[in-house]
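Listing of input09.cif; format and content: mmCIF, C-alpha atoms.
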```cif
data_start
#
loop_
_atom_site.group_PDB
_atom_site.id
_atom_site.type_symbol
_atom_site.label_atom_id
_atom_site.label_comp_id
_atom_site.auth_asym_id
_atom_site.auth_seq_id
_atom_site.Cartn_x
_atom_site.Cartn_y
_atom_site.Cartn_z
ATOM 1 C CA SER A 279 -29.859 -63.366 -53.077
ATOM 2 C CA ALA A 280 -27.852 -63.442 -49.840
ATOM 3 C CA PRO A 281 -27.776 -60.133 -47.937
ATOM 4 C CA ASN A 282 -24.534 -58.159 -47.823
ATOM 5 C CA PHE A 283 -22.512 -58.091 -44.627
ATOM 6 C CA GLU A 284 -20.546 -54.877 -44.229
ATOM 7 C CA THR A 285 -18.330 -53.561 -41.468
ATOM 8 C CA SER A 286 -17.185 -50.046 -40.705
ATOM 9 C CA GLY A 287 -14.485 -49.012 -38.287
ATOM 10 C CA ARG A 288 -12.089 -46.259 -37.293
ATOM 11 C CA SER A 289 -9.110 -46.138 -34.965
ATOM 12 C CA VAL A 290 -7.212 -43.109 -33.663
ATOM 13 C CA HIS A 291 -3.852 -43.489 -31.947
ATOM 14 C CA ALA A 292 -1.757 -40.923 -30.086
ATOM 15 C CA ASP A 293 1.471 -41.318 -28.141
ATOM 16 C CA LEU A 294 4.074 -39.234 -26.334
ATOM 17 C CA LYS A 295 7.631 -40.385 -25.566
ATOM 18 C CA GLY A 296 10.523 -38.857 -23.677
ATOM 19 C CA ARG A 297 13.950 -39.631 -22.225
ATOM 20 C CA ALA A 298 15.883 -38.204 -19.312
ATOM 21 C CA ASP A 299 19.513 -38.765 -18.332
ATOM 22 C CA LEU A 300 19.382 -39.148 -14.554
ATOM 23 C CA ALA A 301 23.104 -39.820 -14.125
ATOM 24 C CA ASP A 302 26.157 -40.730 -16.187
ATOM 25 C CA ASN A 303 25.020 -44.357 -16.503
ATOM 26 C CA VAL A 304 21.304 -44.113 -15.735
ATOM 27 C CA THR A 305 18.492 -43.204 -18.125
ATOM 28 C CA LEU A 306 14.737 -42.971 -17.798
ATOM 29 C CA ASP A 307 12.445 -43.577 -20.776
ATOM 30 C CA PHE A 308 8.801 -42.684 -20.260
ATOM 31 C CA GLY A 309 5.658 -42.100 -22.233
ATOM 32 C CA ALA A 310 1.912 -42.333 -22.603
ATOM 33 C CA ASP A 311 -0.380 -43.462 -25.390
ATOM 34 C CA GLY A 312 -4.032 -43.932 -26.204
ATOM 35 C CA ASP A 313 -6.280 -45.685 -28.718
ATOM 36 C CA TRP A 314 -9.857 -44.729 -29.493
ATOM 37 C CA SER A 315 -11.764 -47.049 -31.830
ATOM 38 C CA ARG A 316 -15.262 -47.583 -33.104
ATOM 39 C CA PHE A 317 -16.856 -50.419 -35.056
ATOM 40 C CA SER A 318 -20.243 -51.299 -36.536
ATOM 41 C CA THR A 319 -21.717 -53.900 -38.901
ATOM 42 C CA THR A 320 -24.762 -54.187 -41.102
ATOM 43 C CA TYR A 321 -26.684 -55.810 -38.252
ATOM 44 C CA ASP A 322 -25.070 -54.336 -35.133
ATOM 45 C CA PRO A 323 -25.030 -50.754 -33.837
ATOM 46 C CA ARG A 324 -21.820 -48.784 -33.353
ATOM 47 C CA GLN A 325 -19.569 -49.919 -30.534
ATOM 48 C CA THR A 326 -16.690 -47.902 -29.092
ATOM 49 C CA ALA A 327 -13.602 -48.676 -27.017
ATOM 50 C CA ARG A 328 -10.904 -46.609 -25.362
ATOM 51 C CA ILE A 329 -7.583 -47.722 -23.909
ATOM 52 C CA VAL A 330 -4.944 -45.379 -22.493
ATOM 53 C CA GLY A 331 -1.617 -46.300 -20.964
ATOM 54 C CA ALA A 332 1.606 -44.995 -19.482
ATOM 55 C CA HIS A 333 5.031 -46.549 -19.037
ATOM 56 C CA ALA A 334 8.431 -45.901 -17.482
ATOM 57 C CA LEU A 335 11.692 -47.724 -18.154
ATOM 58 C CA LEU A 336 14.821 -47.278 -16.034
ATOM 59 C CA GLY A 337 18.141 -48.205 -17.638
ATOM 60 C CA TYR A 338 21.653 -48.750 -16.318
ATOM 61 C CA HIS A 339 24.498 -48.888 -18.854
ATOM 62 C CA ALA A 340 28.093 -49.186 -17.702
ATOM 63 C CA GLY A 341 31.001 -51.052 -19.220
ATOM 64 C CA ARG A 342 30.011 -54.580 -20.130
ATOM 65 C CA LEU A 343 26.680 -54.512 -18.309
ATOM 66 C CA ASN A 344 23.330 -53.199 -19.580
ATOM 67 C CA LEU A 345 20.193 -53.499 -17.460
ATOM 68 C CA THR A 346 16.670 -52.111 -17.896
ATOM 69 C CA ALA A 347 13.482 -52.563 -15.884
ATOM 70 C CA GLY A 348 10.117 -50.939 -16.194
ATOM 71 C CA ALA A 349 6.403 -50.954 -15.604
ATOM 72 C CA ARG A 350 3.298 -50.107 -17.613
ATOM 73 C CA ILE A 351 -0.315 -49.451 -16.726
ATOM 74 C CA ASP A 352 -3.189 -49.779 -19.190
ATOM 75 C CA ASP A 353 -6.729 -48.610 -18.527
ATOM 76 C CA HIS A 354 -9.490 -50.006 -20.747
ATOM 77 C CA ASP A 355 -13.001 -48.649 -20.537
ATOM 78 C CA ARG A 356 -14.416 -52.198 -20.797
ATOM 79 C CA PHE A 357 -11.841 -54.294 -18.945
ATOM 80 C CA GLY A 358 -10.410 -52.009 -16.269
ATOM 81 C CA SER A 359 -6.795 -51.237 -15.323
ATOM 82 C CA HIS A 360 -3.867 -53.662 -15.569
ATOM 83 C CA TRP A 361 -0.227 -53.359 -14.478
ATOM 84 C CA THR A 362 2.544 -55.192 -16.333
ATOM 85 C CA PHE A 363 6.259 -55.393 -15.538
ATOM 86 C CA GLY A 364 9.390 -56.270 -17.499
ATOM 87 C CA ALA A 365 13.177 -56.345 -17.365
ATOM 88 C CA ASN A 366 16.067 -57.273 -19.628
ATOM 89 C CA GLY A 367 19.830 -57.282 -19.517
ATOM 90 C CA SER A 368 22.979 -58.188 -21.374
ATOM 91 C CA PHE A 369 26.595 -58.808 -20.380
ATOM 92 C CA ASP A 370 29.602 -58.573 -22.686
ATOM 93 C CA LEU A 371 31.800 -61.649 -22.274
ATOM 94 C CA GLY A 372 34.517 -60.308 -24.544
ATOM 95 C CA GLY A 373 35.531 -61.693 -27.886
ATOM 96 C CA ASP A 374 32.358 -60.178 -29.389
ATOM 97 C CA LEU A 375 30.177 -62.523 -27.277
ATOM 98 C CA ARG A 376 27.191 -61.393 -25.211
ATOM 99 C CA LEU A 377 24.815 -63.081 -22.801
ATOM 100 C CA ARG A 378 21.289 -61.675 -22.802
ATOM 101 C CA ALA A 379 18.000 -62.382 -21.060
ATOM 102 C CA SER A 380 14.597 -60.786 -20.656
ATOM 103 C CA PHE A 381 11.357 -61.145 -18.723
ATOM 104 C CA GLY A 382 8.040 -59.520 -19.524
ATOM 105 C CA GLU A 383 4.335 -59.545 -18.772
ATOM 106 C CA GLY A 384 1.644 -58.796 -21.337
ATOM 107 C CA PHE A 385 -1.954 -57.600 -21.453
ATOM 108 C CA LYS A 386 -4.107 -57.671 -24.599
ATOM 109 C CA ALA A 387 -7.762 -56.676 -24.648
ATOM 110 C CA PRO A 388 -10.081 -58.123 -27.315
ATOM 111 C CA THR A 389 -10.585 -55.816 -30.294
ATOM 112 C CA LEU A 390 -14.040 -54.585 -31.226
ATOM 113 C CA TYR A 391 -13.945 -56.833 -34.286
ATOM 114 C CA GLN A 392 -13.197 -59.857 -32.092
ATOM 115 C CA LEU A 393 -16.098 -58.885 -29.876
ATOM 116 C CA TYR A 394 -18.691 -57.851 -32.498
ATOM 117 C CA GLY A 395 -17.384 -58.708 -35.978
ATOM 118 C CA TYR A 396 -17.779 -61.871 -38.040
ATOM 119 C CA GLY A 397 -17.316 -64.702 -35.559
ATOM 120 C CA GLY A 398 -17.284 -62.183 -32.715
ATOM 121 C CA ASN A 399 -17.735 -63.231 -29.093
ATOM 122 C CA VAL A 400 -18.918 -60.652 -26.549
ATOM 123 C CA LEU A 401 -17.847 -63.001 -23.719
ATOM 124 C CA LEU A 402 -14.149 -62.774 -24.608
ATOM 125 C CA LYS A 403 -11.783 -61.982 -21.748
ATOM 126 C CA PRO A 404 -8.484 -60.081 -21.981
ATOM 127 C CA GLU A 405 -5.386 -62.135 -22.726
ATOM 128 C CA THR A 406 -2.510 -61.985 -20.244
ATOM 129 C CA SER A 407 0.937 -63.543 -20.501
ATOM 130 C CA THR A 408 4.306 -64.010 -18.858
ATOM 131 C CA ALA A 409 7.367 -64.613 -21.019
ATOM 132 C CA PHE A 410 11.108 -64.958 -20.693
ATOM 133 C CA ASP A 411 14.035 -65.716 -22.950
ATOM 134 C CA ALA A 412 17.773 -66.210 -22.550
ATOM 135 C CA GLY A 413 20.533 -66.601 -25.063
ATOM 136 C CA ILE A 414 24.020 -65.970 -26.303
ATOM 137 C CA GLU A 415 24.984 -63.836 -29.287
ATOM 138 C CA HIS A 416 28.128 -63.307 -31.326
ATOM 139 C CA GLY A 417 28.474 -60.069 -33.260
ATOM 140 C CA ASN A 418 25.374 -58.296 -34.541
ATOM 141 C CA ARG A 419 23.227 -58.326 -37.653
ATOM 142 C CA ASN A 420 25.399 -55.651 -39.282
ATOM 143 C CA ALA A 421 28.665 -57.450 -38.568
ATOM 144 C CA GLY A 422 30.607 -59.701 -40.918
ATOM 145 C CA LEU A 423 29.703 -62.756 -38.846
ATOM 146 C CA HIS A 424 26.664 -63.068 -36.608
ATOM 147 C CA PHE A 425 25.274 -65.968 -34.582
ATOM 148 C CA ALA A 426 22.602 -66.161 -31.909
ATOM 149 C CA ALA A 427 20.965 -68.950 -29.919
ATOM 150 C CA THR A 428 17.910 -68.271 -27.769
ATOM 151 C CA LEU A 429 15.674 -70.296 -25.443
ATOM 152 C CA PHE A 430 12.165 -68.932 -24.828
ATOM 153 C CA ARG A 431 8.924 -69.667 -23.026
ATOM 154 C CA ARG A 432 5.600 -67.852 -22.951
ATOM 155 C CA ASP A 433 2.664 -68.766 -20.685
ATOM 156 C CA SER A 434 -0.680 -67.223 -21.583
ATOM 157 C CA THR A 435 -4.023 -67.089 -19.826
ATOM 158 C CA ASN A 436 -7.222 -66.629 -21.832
ATOM 159 C CA LEU A 437 -5.321 -66.706 -25.143
ATOM 160 C CA ILE A 438 -7.578 -65.266 -27.860
ATOM 161 C CA ASP A 439 -7.873 -67.640 -30.825
ATOM 162 C CA TYR A 440 -10.173 -68.226 -33.794
ATOM 163 C CA VAL A 441 -11.644 -71.327 -35.388
ATOM 164 C CA TRP A 442 -14.181 -71.559 -38.183
ATOM 165 C CA PRO A 443 -17.162 -71.626 -37.977
ATOM 166 C CA SER A 444 -17.584 -70.991 -34.236
ATOM 167 C CA GLY A 445 -15.466 -67.810 -34.228
ATOM 168 C CA TYR A 446 -13.276 -66.243 -31.547
ATOM 169 C CA PHE A 447 -12.786 -67.877 -28.155
ATOM 170 C CA ASN A 448 -10.461 -67.928 -25.136
ATOM 171 C CA ILE A 449 -8.086 -70.785 -24.356
ATOM 172 C CA GLY A 450 -7.661 -70.937 -20.585
ATOM 173 C CA ARG A 451 -3.956 -71.819 -20.249
ATOM 174 C CA THR A 452 -1.365 -72.203 -22.996
ATOM 175 C CA ARG A 453 2.398 -72.518 -23.191
ATOM 176 C CA ALA A 454 4.700 -71.815 -26.138
ATOM 177 C CA GLN A 455 8.324 -72.789 -25.644
ATOM 178 C CA GLY A 456 11.298 -73.692 -27.755
ATOM 179 C CA PHE A 457 14.508 -72.301 -29.167
ATOM 180 C CA GLU A 458 15.792 -70.217 -32.067
ATOM 181 C CA LEU A 459 19.083 -70.401 -33.948
ATOM 182 C CA GLU A 460 20.152 -67.552 -36.209
ATOM 183 C CA GLY A 461 23.282 -67.026 -38.270
ATOM 184 C CA ALA A 462 24.536 -64.656 -40.945
ATOM 185 C CA ALA A 463 27.806 -64.118 -42.779
ATOM 186 C CA GLN A 464 29.141 -61.451 -45.109
ATOM 187 C CA VAL A 465 31.112 -63.907 -47.191
ATOM 188 C CA SER A 466 32.595 -61.192 -49.373
ATOM 189 C CA GLU A 467 31.984 -57.556 -50.161
ATOM 190 C CA HIS A 468 29.258 -58.536 -52.626
ATOM 191 C CA PHE A 469 27.868 -61.812 -51.251
ATOM 192 C CA SER A 470 26.019 -62.522 -48.000
ATOM 193 C CA VAL A 471 23.956 -65.367 -46.544
ATOM 194 C CA ARG A 472 21.714 -65.763 -43.515
ATOM 195 C CA ALA A 473 19.514 -68.449 -41.986
ATOM 196 C CA ALA A 474 17.204 -68.896 -38.995
ATOM 197 C CA TYR A 475 15.557 -71.958 -37.468
ATOM 198 C CA THR A 476 12.776 -72.086 -34.860
ATOM 199 C CA PHE A 477 11.532 -75.054 -32.864
ATOM 200 C CA LEU A 478 8.176 -74.266 -31.238
ATOM 201 C CA ASP A 479 6.134 -76.440 -28.887
ATOM 202 C CA ALA A 480 2.799 -74.634 -28.400
ATOM 203 C CA THR A 481 0.214 -76.504 -26.350
ATOM 204 C CA ASN A 482 -3.111 -76.144 -24.617
ATOM 205 C CA ARG A 483 -2.114 -76.961 -21.042
ATOM 206 C CA ALA A 484 -5.611 -78.224 -20.172
ATOM 207 C CA THR A 485 -5.771 -80.806 -22.980
ATOM 208 C CA GLY A 486 -2.135 -81.346 -23.921
ATOM 209 C CA LYS A 487 -3.007 -80.780 -27.596
ATOM 210 C CA GLN A 488 -0.965 -78.659 -29.976
ATOM 211 C CA LEU A 489 -2.323 -75.164 -30.591
ATOM 212 C CA ALA A 490 -3.841 -74.759 -34.034
ATOM 213 C CA ARG A 491 -1.675 -73.542 -36.929
ATOM 214 C CA ARG A 492 1.588 -73.407 -34.948
ATOM 215 C CA PRO A 493 4.187 -75.465 -36.857
ATOM 216 C CA ARG A 494 6.849 -77.087 -34.684
ATOM 217 C CA HIS A 495 9.604 -76.445 -37.224
ATOM 218 C CA ALA A 496 10.332 -73.394 -39.371
ATOM 219 C CA LEU A 497 13.479 -72.633 -41.320
ATOM 220 C CA SER A 498 14.239 -69.583 -43.442
ATOM 221 C CA ALA A 499 17.369 -68.873 -45.472
ATOM 222 C CA SER A 500 18.437 -66.186 -47.914
ATOM 223 C CA ALA A 501 21.383 -65.283 -50.104
ATOM 224 C CA ASP A 502 22.218 -61.983 -51.819
ATOM 225 C CA TRP A 503 24.806 -61.295 -54.506
ATOM 226 C CA THR A 504 25.663 -57.998 -56.145
ATOM 227 C CA THR A 505 27.107 -58.992 -59.517
ATOM 228 C CA PRO A 506 29.755 -57.037 -61.437
ATOM 229 C CA LEU A 507 27.225 -56.617 -64.283
ATOM 230 C CA ALA A 508 26.015 -52.987 -64.028
ATOM 231 C CA GLY A 509 25.272 -53.369 -60.325
ATOM 232 C CA LEU A 510 22.728 -56.157 -60.925
ATOM 233 C CA ALA A 511 21.674 -57.596 -57.550
ATOM 234 C CA LEU A 512 20.347 -61.155 -57.303
ATOM 235 C CA GLY A 513 18.765 -62.812 -54.303
ATOM 236 C CA ALA A 514 16.921 -65.918 -53.184
ATOM 237 C CA ASP A 515 14.718 -66.655 -50.158
ATOM 238 C CA LEU A 516 13.750 -70.137 -48.999
ATOM 239 C CA ARG A 517 11.192 -70.892 -46.288
ATOM 240 C CA LEU A 518 10.508 -74.403 -44.981
ATOM 241 C CA VAL A 519 7.538 -74.933 -42.642
ATOM 242 C CA GLY A 520 6.725 -78.196 -40.884
ATOM 243 C CA ASP A 521 3.374 -79.890 -40.320
ATOM 244 C CA SER A 522 0.772 -78.441 -37.969
ATOM 245 C CA PHE A 523 -2.876 -78.911 -37.043
ATOM 246 C CA ASP A 524 -5.774 -76.725 -38.130
ATOM 247 C CA ASP A 525 -8.028 -77.457 -35.140
ATOM 248 C CA ALA A 526 -7.872 -77.517 -31.360
ATOM 249 C CA GLY A 527 -8.532 -81.276 -31.280
ATOM 250 C CA ASN A 528 -5.593 -82.006 -33.623
ATOM 251 C CA PHE A 529 -7.757 -83.956 -36.071
ATOM 252 C CA THR A 530 -7.045 -81.940 -39.244
ATOM 253 C CA ARG A 531 -3.409 -81.894 -40.302
ATOM 254 C CA LEU A 532 -1.834 -79.119 -42.361
ATOM 255 C CA ASP A 533 1.074 -80.458 -44.375
ATOM 256 C CA GLY A 534 4.370 -78.641 -44.290
ATOM 257 C CA HIS A 535 5.591 -76.773 -47.337
ATOM 258 C CA ALA A 536 8.595 -75.153 -48.964
ATOM 259 C CA LEU A 537 8.484 -71.764 -50.664
ATOM 260 C CA LEU A 538 11.221 -70.318 -52.874
ATOM 261 C CA THR A 539 11.442 -66.678 -53.960
ATOM 262 C CA LEU A 540 13.911 -65.284 -56.501
ATOM 263 C CA ARG A 541 14.720 -61.557 -56.586
ATOM 264 C CA ALA A 542 16.584 -59.206 -58.919
ATOM 265 C CA ALA A 543 17.224 -55.452 -59.056
ATOM 266 C CA VAL A 544 19.353 -53.244 -61.270
ATOM 267 C CA PRO A 545 20.022 -49.494 -60.890
ATOM 268 C CA LEU A 546 18.982 -47.169 -63.711
ATOM 269 C CA GLY A 547 21.097 -44.140 -62.994
ATOM 270 C CA GLU A 548 21.407 -42.511 -59.584
ATOM 271 C CA HIS A 549 17.734 -42.302 -58.563
ATOM 272 C CA LEU A 550 15.947 -45.183 -60.323
ATOM 273 C CA GLU A 551 15.971 -48.926 -59.777
ATOM 274 C CA LEU A 552 14.258 -51.631 -61.793
ATOM 275 C CA TYR A 553 13.248 -54.639 -59.683
ATOM 276 C CA GLY A 554 11.379 -57.906 -59.994
ATOM 277 C CA ARG A 555 10.713 -61.091 -58.048
ATOM 278 C CA VAL A 556 9.039 -64.461 -58.508
ATOM 279 C CA GLU A 557 7.379 -65.969 -55.435
ATOM 280 C CA ASN A 558 6.587 -69.657 -54.968
ATOM 281 C CA VAL A 559 8.857 -70.516 -57.882
ATOM 282 C CA THR A 560 8.004 -74.229 -57.779
ATOM 283 C CA ASP A 561 4.234 -73.489 -57.764
ATOM 284 C CA ALA A 562 3.811 -75.466 -54.519
ATOM 285 C CA GLN A 563 0.244 -76.219 -53.442
ATOM 286 C CA TYR A 564 -0.168 -75.565 -49.714
ATOM 287 C CA GLN A 565 -2.564 -74.296 -47.066
ATOM 288 C CA THR A 566 -1.948 -72.331 -43.888
ATOM 289 C CA VAL A 567 -5.657 -72.638 -42.962
ATOM 290 C CA ALA A 568 -7.634 -75.720 -43.981
ATOM 291 C CA GLY A 569 -9.959 -75.027 -46.906
ATOM 292 C CA TYR A 570 -8.273 -71.744 -47.872
ATOM 293 C CA GLY A 571 -6.029 -71.770 -50.921
ATOM 294 C CA SER A 572 -2.759 -69.870 -51.187
ATOM 295 C CA TYR A 573 -1.073 -68.105 -54.072
ATOM 296 C CA GLY A 574 0.676 -70.245 -56.646
ATOM 297 C CA ARG A 575 3.633 -69.006 -58.660
ATOM 298 C CA SER A 576 3.445 -65.192 -58.769
ATOM 299 C CA ALA A 577 5.605 -62.545 -60.447
ATOM 300 C CA TYR A 578 5.988 -58.885 -59.505
ATOM 301 C CA GLY A 579 8.009 -56.026 -60.938
ATOM 302 C CA GLY A 580 8.337 -52.290 -60.847
ATOM 303 C CA ILE A 581 10.513 -49.208 -60.629
ATOM 304 C CA ARG A 582 11.735 -47.627 -57.393
ATOM 305 C CA VAL A 583 12.565 -43.934 -57.121
ATOM 306 C CA LYS A 584 15.331 -42.995 -54.654
ATOM 307 C CA TRP A 585 16.106 -39.492 -53.387
#
```
As structure tokens:
Amino acid sequence: SAPNFETSGRSVHADLKGRADLADNVTLDFGADGDWSRFSTTYDPRQTARIVGAHALLGYHAGRLNLTAGARIDDHDRFGSHWTFGANGSFDLGGDLRLRASFGEGFKAPTLYQLYGYGGNVLLKPETSTAFDAGIEHGNRNAGLHFAATLFRRDSTNLIDYVWPSGYFNIGRTRAQGFELEGAAQVSEHFSVRAAYTFLDATNRATGKQLARRPRHALSASADWTTPLAGLALGADLRLVGDSFDDAGNFTRLDGHALLTLRAAVPLGEHLELYGRVENVTDAQYQTVAGYGSYGRSAYGGIRVKW
């Protein structure tokens, strides 16, 4: 018989956060955090990693203008120290309209599993990135009417990815760019709808190929109705995902799919709620990774206790 392959790991996280009001319109957010992890497998001895970091964020908030800018330093016992910087801001145009934009840098060290687990690669390098977005927004997600449009771009170096059977690897230079549209409306006191669409162009800048398992198009929509029948709440979620590729060479295509979920909940007194949902109502056959099946039609139910 084939031998068993077992993994064992543990992670401990600690963080400290604080805020100081430096002036009437100026704030300082600061903090520090740390992660200590260990990992071993049936065939490999225990490995450990430690990363600690600190950050500071200066904010200016006055009238229509909100600005923040900050810096972070991370120190990894395997990959050294790295500084990252970021800033964001928004400006109220009036009429419940806001312009907003942000810029940020990122640093992500490989996990111990990515280094030593199944498909692990001890030659992995840390992933770094630079990203920005800009958009306009009307209202907010708790308002009666909300709309937002956002342009974004993210450039990554040494992006950490996975492909079977070779395992984890770095992609030298990648770019993910596109736009998002989001809208929601409280049509009446008991009925609301929302929808969001994303166009994503994610490419390997060295080859020009699409990154694996990144659909260009994704649309999600939902509707919720609280009926006059004993507080019965009904809802539906629809997710449409376009085609993508399963491999870096763009030879294996993953067909797009549509998934529908129906939800219901009814209160049983003040503290109990009976709920249920049916996922993938149409029993669609689809794959998000080539060769791996996904759940067909599935039903769930239960009782929630509220205090």
*Within 8 Å of Leu512 of chain A using all atoms listed in the file, minus same-chain residues under 6 positions, as a ChimeraX atom specification*: /A:502-505,540-543
Selected residues, C-alpha atoms, written as a compact mmCIF listing (two decimals), in the coordinates of the input, please.
```
# COMPACT_ATOMS: atom_id res chain seq x y z
CA ASP A 502 22.22 -61.98 -51.82
CA TRP A 503 24.81 -61.30 -54.51
CA THR A 504 25.66 -58.00 -56.14
CA THR A 505 27.11 -58.99 -59.52
CA LEU A 540 13.91 -65.28 -56.50
CA ARG A 541 14.72 -61.56 -56.59
CA ALA A 542 16.58 -59.21 -58.92
CA ALA A 543 17.22 -55.45 -59.06
```
*Which of these residues is nearest to Phe317 of chain A, using all atoms listed in the file: A:Leu390, A:Ala340, A:Leu335, A:Ala454?*
A:Leu390
*Answer key for the PyMOL selection byres ((chain A and resi 366) around 7), residues as an NGL selection string*: :A and (345-347 or 365 or 367 or 379-381)
Using the chain letters and numbers from the file, give me the residues hit by the PyMOL selection byres ((chain A and resi 469) around 12), as a tab-separated table (two decimals) with C-alpha atoms, in the coordinates of the input.
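Contents of the output file selection-v9.tsv:
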```tsv
chain	number	residue	atom	x	y	z
A	422	GLY	CA	30.61	-59.70	-40.92
A	462	ALA	CA	24.54	-64.66	-40.94
A	463	ALA	CA	27.81	-64.12	-42.78
A	464	GLN	CA	29.14	-61.45	-45.11
A	465	VAL	CA	31.11	-63.91	-47.19
A	466	SER	CA	32.60	-61.19	-49.37
A	467	GLU	CA	31.98	-57.56	-50.16
A	468	HIS	CA	29.26	-58.54	-52.63
A	470	SER	CA	26.02	-62.52	-48.00
A	471	VAL	CA	23.96	-65.37	-46.54
A	472	ARG	CA	21.71	-65.76	-43.52
A	500	SER	CA	18.44	-66.19	-47.91
A	501	ALA	CA	21.38	-65.28	-50.10
A	502	ASP	CA	22.22	-61.98	-51.82
A	503	TRP	CA	24.81	-61.30	-54.51
A	504	THR	CA	25.66	-58.00	-56.14
A	505	THR	CA	27.11	-58.99	-59.52
A	506	PRO	CA	29.76	-57.04	-61.44
A	511	ALA	CA	21.67	-57.60	-57.55
A	512	LEU	CA	20.35	-61.16	-57.30
A	513	GLY	CA	18.76	-62.81	-54.30
A	514	ALA	CA	16.92	-65.92	-53.18
```
*Can you tell me, as a list in words, what residues are no more than 8 Å from segment 522-527 of chain A when counting all atoms listed in the file, ignoring any on the same chain fewer than 5 positions away?*
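Residues meeting the cut-off are Val441, Lys487, Gln488, Leu489, Ala490, Arg491, Arg492, Pro493, Arg494, Leu532, Asp533, Gly534, Val567 and Ala568 of chain A.
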Write to file, as a short mmCIF file (atom, residue, chain, number, x, y, z; two decimals), keeping the file's coordinate frame, the residues of the selection just made, with C-alpha atoms.
```cif
data_model
loop_
_atom_site.label_atom_id
_atom_site.label_comp_id
_atom_site.auth_asym_id
_atom_site.auth_seq_id
_atom_site.Cartn_x
_atom_site.Cartn_y
_atom_site.Cartn_z
CA VAL A 441 -11.64 -71.33 -35.39
CA LYS A 487 -3.01 -80.78 -27.60
CA GLN A 488 -0.96 -78.66 -29.98
CA LEU A 489 -2.32 -75.16 -30.59
CA ALA A 490 -3.84 -74.76 -34.03
CA ARG A 491 -1.68 -73.54 -36.93
CA ARG A 492 1.59 -73.41 -34.95
CA PRO A 493 4.19 -75.46 -36.86
CA ARG A 494 6.85 -77.09 -34.68
CA LEU A 532 -1.83 -79.12 -42.36
CA ASP A 533 1.07 -80.46 -44.38
CA GLY A 534 4.37 -78.64 -44.29
CA VAL A 567 -5.66 -72.64 -42.96
CA ALA A 568 -7.63 -75.72 -43.98
#
```
*Might you spell out which residues the PyMOL selection byres ((chain A and resi 579) around 8) would select in the displayed file, as a PyMOL selection string?*
chain A and resi 552-555+577-578+580-581
